[in-house]
Each structure stands twice: as C-alpha cells, then as structure tokens.
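Undergrad: If you scroll down you'll find the structure; I have some questions about it.
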Protein chains: 2
Amino acid sequence: MPDRAAPATKLLIIGGAEDRVGKAKILKRFVKLAGGKSARIVIIPTASSFQDEVVTAYTEVFTRHGAESCAVVNPRTRIEADDAALARVIAEATGVFMSGGNQLKLAQVFAGTAAGDAILRAHQRGAVVGGTSAGASIQSEFMISLGDEGITPRQRSTQLTHGLGLLSGVIIDQHFAQRQRYGRLMSIVASSPDLIGIGIDEDTAIEVTDSREFTVLGRGGAYVLDCRRALTDAPEARTGAPLLVSGAVVHALPAGSTFDIVKLMLVDFVEQHPDLGVSVTTAASSRP
Amino acid sequence: MPDRAAPATKLLIIGGAEDRVGKAKILKRFVKLAGGKSARIVIIPTASSFQDEVVTAYTEVFTRHGAESCAVVNPRTRIEADDAALARVIAEATGVFMSGGNQLKLAQVFAGTAAGDAILRAHQRGAVVGGTSAGASIQSEFMISLGDEGITPRQRSTQLTHGLGLLSGVIIDQHFAQRQRYGRLMSIVASSPDLIGIGIDEDTAIEVTDSREFTVLGRGGAYVLDCRRALTDAPEARTGAPLLVSGAVVHALPAGSTFDIVKLMLVDFVEQHPDLGVSVTTAASSRP
C-alpha cells in the first residue's frame, strides 16, 4: 500500500459539438483538470477525417486557456499504436484528449495496444482523460457504433463494439437529444440490463470522479437509463420491432446535477433536500 | 343498485394518422366495439379544418366495416352544443368518434355543454368513445395543447387545457414518437406527478377498458411516463431551462401489451411470466 491515498481519477466525457471559439467552458475545465498552467496535454485526432484542423483547433483552445504544452499522438494502425515512443508521450501527459470522428477507428487502432494501455494508466494515475463525440463513446467498456434516431427502442437497431473501458458498467451515447438517440440507447440497455446507459447532449459534458459519480456541465443535459428492474421482450422480439421495455428508470440531468453511478441516485439534490431521502432510496435502490 | 352489472366502458384513443384506406385495423376495431352490424356511430368533426372531407372519409370507412348508421354532430359554438337535439343524437349512439384537428376547438365547444355531457354519459352506459389526434387528447382530464419537440423536458414548454375527462388521472399525448413529444410530456408529468403521461404513436391506439387497463394496437407503441417517485426542480427552474427529472419510470409498450393504469404495471407480461412477478411489484408499486 502506498503512503499517500491514490489521486482522484477524472474523466471529462463530452457529447460532441462543444464550444471552442466562445467561452469554451468545457474545454477550459479540461485544461484546469489537467493542471492549468502546468497542463501537458496529448491530443489524439485519430477518429477524425480532418486531423490537421482538429489538432490546430484544440491546440489553440487549450493553449489559450493556459496549458503549458500540447503534443499529438496519432497512430494510423495497431502496429504504430504499439510503438513504445507513443506510450511514453502519453505517460508524460497530465491530460489526454480524444477528438470526434469515427469511434470505430479509435477502437480499431487503440484498444489493447501499448498506446491504449498508456491511456488507461494515465487515467489511473490521475491524469484527466477527455473526449468528445467519438472520443466520448470510446471511453465506455462497450460503445454504440450504429443506430436509428427516435424515441422508440427497436430490436437490434444498434451494434456494440468494445471500447477502451475507462468507465466500466456503462454505455455512453453522445449528440443525445440533438440526434434523438433515446430509443437506441434504451434498446441496448434493455438487452443488457446490468449496464447503465448514459446519454450526453451536445456542448455538454459529464465530469466523472473516481468512476463513482459525475457532474453535468455545459449547455444541455445528460440522461441515465436504468433497466435493472425493467421487463422486456428483447430476448424474443423480431428484428426492427418496437421493444417492450416496461419499468425503465430514467434520469434527465441538467447542468449542475451530480449523480452517483454506483448507487444510481442523485447526489446534490439529496444533499440539498435531505427530507426527500426516502423517495430517492425507493426510486433508485443500490445495485444488487 | 341495478340487477345487472354495469356494462364495460370502452375508450379507443388513437395517436393520429391511423390507416383509413388499407385494412384500417384500428377503425375496424372501433366499429366492432360499437356493436359491429348494429353500430350507430356519431362522427364529431369539430376539431378539423376539413370537416366535409373528415365526415366523408370516416362515414366511408365505418360503413365499409359494417356499421349500421353514421350521424354527424358538429356544433360550432357552445350555444349550439347546448342544443338538446344534439345530445339526443349522441344518446342514441353505440359509438362516438372525434376527428383530429385543433383540440382547443373541442375543449372550447364541448366541455361542460349538453353535447359534452352526452359524450360522458355515452361512455358510462357502455358506448365506445373513440378519437384520433386532437380527438385523443380531449379524452383526458387535462390535455397538452402546445409544446416543443425533443427528448429534453423543459420548464414551461407546454400548456395544459381542460379536456372532457373521459379518462381521469392521465395526460394523453399523440403523434408521440413521430413528433418527438417525449420531453414535453415528461415536463408536464414532472410538474404534476399525481398524473400519469400516456403517449401514443401514429397509427396506434390504446383500447381502455373500465378506465382501469389498456391494450395497445396498431403499428407503433404507447408510452407511459410515471413521475410519482421522481425528483425534480420543476417548482424552481427558469422558463425554457432543461428540467431535472430524476427517477421517472418509463414504459415503452408495443402492440399487444396490456397495461394496468391503476397499478401502473404490465398485465399480460406478468400473466405470461409469473416468475417475474416480484420484479414487477418492485418496479411499479401501486398508487399511494
């Protein structure tokens, strides 16, 4: 056992389309979590089709908000991602940021490589790991990589792919209200009720501490979908059919809300309204 | 006390855009509930801006599916709606059908008039009352008459107007998935947690028996939103802000599902899966 307590671990998971040119509240927060003036940030533009532009834009905004340095890690193949030099760059970072684009590219190139493992270790030692859109999805253990729009959960309308697993037990979806992803996330969680769905709106982030609780920041909201007690016909329904999902517990969480993802209940609201504690315990009992 | 048990009461509440020219499954069901070959149906086109077309279309489809007769009740003002002759026409009917259009027109003209009361009495004596779109919303005690699209519940994004009250304790919304009305219905139910939200998709209906349970029929689904145990900042949030609604219980119910709107739990599924009874009781306990 080390003498000191382990540092708090931090993730900043952004639902895409975050403000970069205005007050850039979320990206400013990323720099602060990475150490402010001593922030050494690694930018990973691998998911994007516009990598030069992505690197320029994020370097500009992180530097503008005081980061000490920005480096780029951009392997194109798994072989390149196994290069120990890249892992060493990540090992030096106080913050790792993954851009948007195609999350399958991130899964393809990083998962299970030296660079991918270096991101996991960076998180464990207390460096903040952030990402937007594709860079958000890749942080969960499994991520949604396809799916229709709409509020109706449909059978086999989505596909799961293995992510980096920075946050286990959850499925993250992004551009949530804007691209109407409620139904697709619900269909996944109904089929895998031991996982919790977290949907994040555009220009909105969840700041996750110690893989235990998150606080919402930004312009929109985050949504938690919990099907642990739901009844569903997901094991039998035919492809494309609207799913029966009865008894899902849903949390719509605007900026400022803090949510316990282990107990699956609101943290701040309970502290502010201790008299409501009983209802909360009933609505969102702890995981079995 | 009468010698015979009271007849079952029936409502057929349609989420709009139901098929009329194909198999017309839902409207055929309406004729059957109205007595089939002895069905005497009153059509109320008052909500519509295309009343002649509405009357022609529904007369055609109801007659094609075997109804004995179709009459029209179409008061333009509350004074006309107080005409005892209209109430007598409704008193003779075995089925009353209200078209789509503007539900505020229906509320304006019918609520609290002789014709409106005649619809309530028709329901109580066992005549089926049906309606689509506006004609669906008007059946609840309070109805949503405005609102934005999207999955995010927002403060004061909607307005309630008094309906006919054929089904009390619920708010009905229509065109539900198609017009993304999840957020607007959730915001209403979060603010009035003693009411239950029921959203109905297009070409989909709920058949309500004895104001106690409903079965879903048609192409889409119905949704039940239950905020009895939810925590919300609705009493304090500013206009337009995304609402905190934590712990809402949501039921997505495809065709064939039967739902108990008093106990707020699935009926059919429990009967088919008796071993799941315990989870159901936990997920949807009875109303206080």
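Order determines the names: the first chain of the structure tokens is A, the second B, and so forth; residues in each chain are numbered 1 upward, and ligands are numbered 1 upward as they are shown.
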Could you make a table, as CSV, of the residues of chain B that have an atom within 7 Å of an atom of chain A, each with its nearest atom pair and distance in Å to one decimal, counting only C-alpha atoms, in chain and number order?

TA:
```
residue,atom,partner,partner_atom,distance
B:Gly150,CA,A:Ala177,CA,6.6
B:Ile151,CA,A:Ala177,CA,5.8
B:Thr152,CA,A:Ala177,CA,6.6
B:Ala177,CA,A:Ile151,CA,5.8
B:Gln180,CA,A:Ile151,CA,6.9
B:Arg229,CA,A:Ala283,CA,5.8
B:Pro242,CA,A:Pro254,CA,5.8
B:Leu243,CA,A:Pro254,CA,6.4
B:Leu244,CA,A:Leu253,CA,5.0
B:Val245,CA,A:Ala252,CA,5.0
B:Ser246,CA,A:His251,CA,4.0
B:Gly247,CA,A:His251,CA,5.3
B:Ala248,CA,A:Val250,CA,5.1
B:Val249,CA,A:Val249,CA,4.5
B:Val250,CA,A:Ala248,CA,5.1
B:His251,CA,A:Ser246,CA,4.0
B:Ala252,CA,A:Val245,CA,5.0
B:Leu253,CA,A:Leu244,CA,5.0
B:Pro254,CA,A:Leu244,CA,5.7
B:Ser279,CA,A:Arg229,CA,6.1
B:Ala283,CA,A:Gly247,CA,5.7
B:Ala284,CA,A:Gly247,CA,6.8
```

Undergrad: Just the residues within 7 Å of B:Asp260, please, counting only C-alpha atoms, with nothing from its chain fewer than 6 positions along; format it as a list in words.

TA: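 The residues that qualify are Arg212, Glu213, Phe214, Leu266 and Val267 of chain B.
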
Undergrad: For the structure I just gave you, how does DSSP split stretch 137-279 of chain B - specifically, which residues are strand (DSSP E or B)? Reply as JSON, numbers by chain.

TA: {"B": [140, 142, 143, 144, 154, 160, 161, 162, 167, 170, 171, 172, 173, 196, 197, 198, 199, 200, 204, 205, 206, 207, 208, 209, 213, 214, 215, 216, 217, 218, 221, 222, 223, 224, 225, 226, 231, 232, 242, 245, 246, 247, 248, 249, 250, 251, 252, 253, 254, 258, 259, 260, 265, 266]}

Undergrad: Quick one: DSSP alpha helix (DSSP H) residues in stretch 25-213 of chain B, as number ranges by chain?

TA: B: 25-33, 51-64, 78-81, 84-92, 103-110, 114-124, 134-137, 182-191

Undergrad: Which value, in Å to one decimal, gives the distance between atom CA of A:Arg76 and atom CA of A:Thr204?

TA: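 Taking atom CA of A:Arg76 and atom CA of A:Thr204, their separation equals 28.8 Å.
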
Undergrad: For A:Ala122, list every protein, DNA or RNA residue within 10 Å, evaluated using only C-alpha atoms, and leave out those in the same chain fewer than 4 positions away; present the list as number ranges by chain.

TA: A: 9, 87, 90-96, 116-118, 126-129

Undergrad: Which residue gives the smallest distance to A:Thr258 among A:Thr113, A:Thr209, A:Ser168, A:Thr158, with only C-alpha atoms counted?

TA: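 Nearest candidate to A:Thr258 out of A:Thr113, A:Thr209, A:Ser168, A:Thr158: A:Thr209.
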
Undergrad: Taking 4 positions as the minimum chain separation for residues in the same chain, which residues sit within 9 Å of stretch 63-67 of chain A when counting only C-alpha atoms? Answer as a PyMOL selection string.

TA: chain A and resi 24+27-28+31-32+34-41+58-59

Undergrad: Can you list, as an NGL selection string, every protein, DNA or RNA residue that comes within 7 Å of stretch 105-112 of chain A when you count only C-alpha atoms, leaving out same-chain residues fewer than 5 positions away?

TA: :A and (46-47 or 76-78 or 81 or 117 or 138 or 162-164)

Undergrad: With only C-alpha atoms as the atoms that count, which of A:Phe62, A:Phe30, A:Phe142, A:Phe97 lies nearest to A:Asn74?

TA: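 Residue with the minimum atom-to-atom distance to A:Asn74: A:Phe97.
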
Undergrad: With a distance cut-off of 9 Å and only C-alpha atoms, select the neighbouring residues of B:Pro7, excluding the residue or stretch itself and same-chain residues fewer than 4 positions from it, and output the selection as a PyMOL selection string.

TA: chain B and resi 124-126+210

Undergrad: Measuring between only C-alpha atoms, which one of B:Asp173, B:Asp268, B:Glu236, B:Asp19 shows the shortest distance to B:Val216?

TA: B:Asp268

Undergrad: Please measure the separation of atom CA of A:Ala17 and atom CA of A:Leu33, giving the value in Å to one decimal.

TA: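 Taking atom CA of A:Ala17 as the start and atom CA of A:Leu33 as the end point, the length is 20.0 Å.
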
Undergrad: Using only C-alpha atoms, pick whichever of B:Pro45, B:Gly101, B:Ile144, B:Leu167 has the shortest atom-to-atom distance to B:Leu11.

TA: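 For B:Leu11, the nearest of the given residues is B:Leu167.
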
Undergrad: As an exercise, work out the distance from atom CA of A:Asn102 to atom CA of A:His175 in Å and give it to one decimal place.

TA: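 Computed distance, atom CA of A:Asn102 to atom CA of A:His175, equals 13.5 Å.
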
Undergrad: Tell me which protein, DNA and RNA residues are within 10 Å of A:Met143, counting only C-alpha atoms, leaving out same-chain ones fewer than 4 positions away, and put them as a count of residues only.

TA: 20

Undergrad: Which of these residues is nearest to A:Gly218, using only C-alpha atoms: A:Ala234, A:Ala8, A:Cys70, A:Ile200?

TA: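 Checking each candidate against A:Gly218, we get A:Ile200 as the closest.
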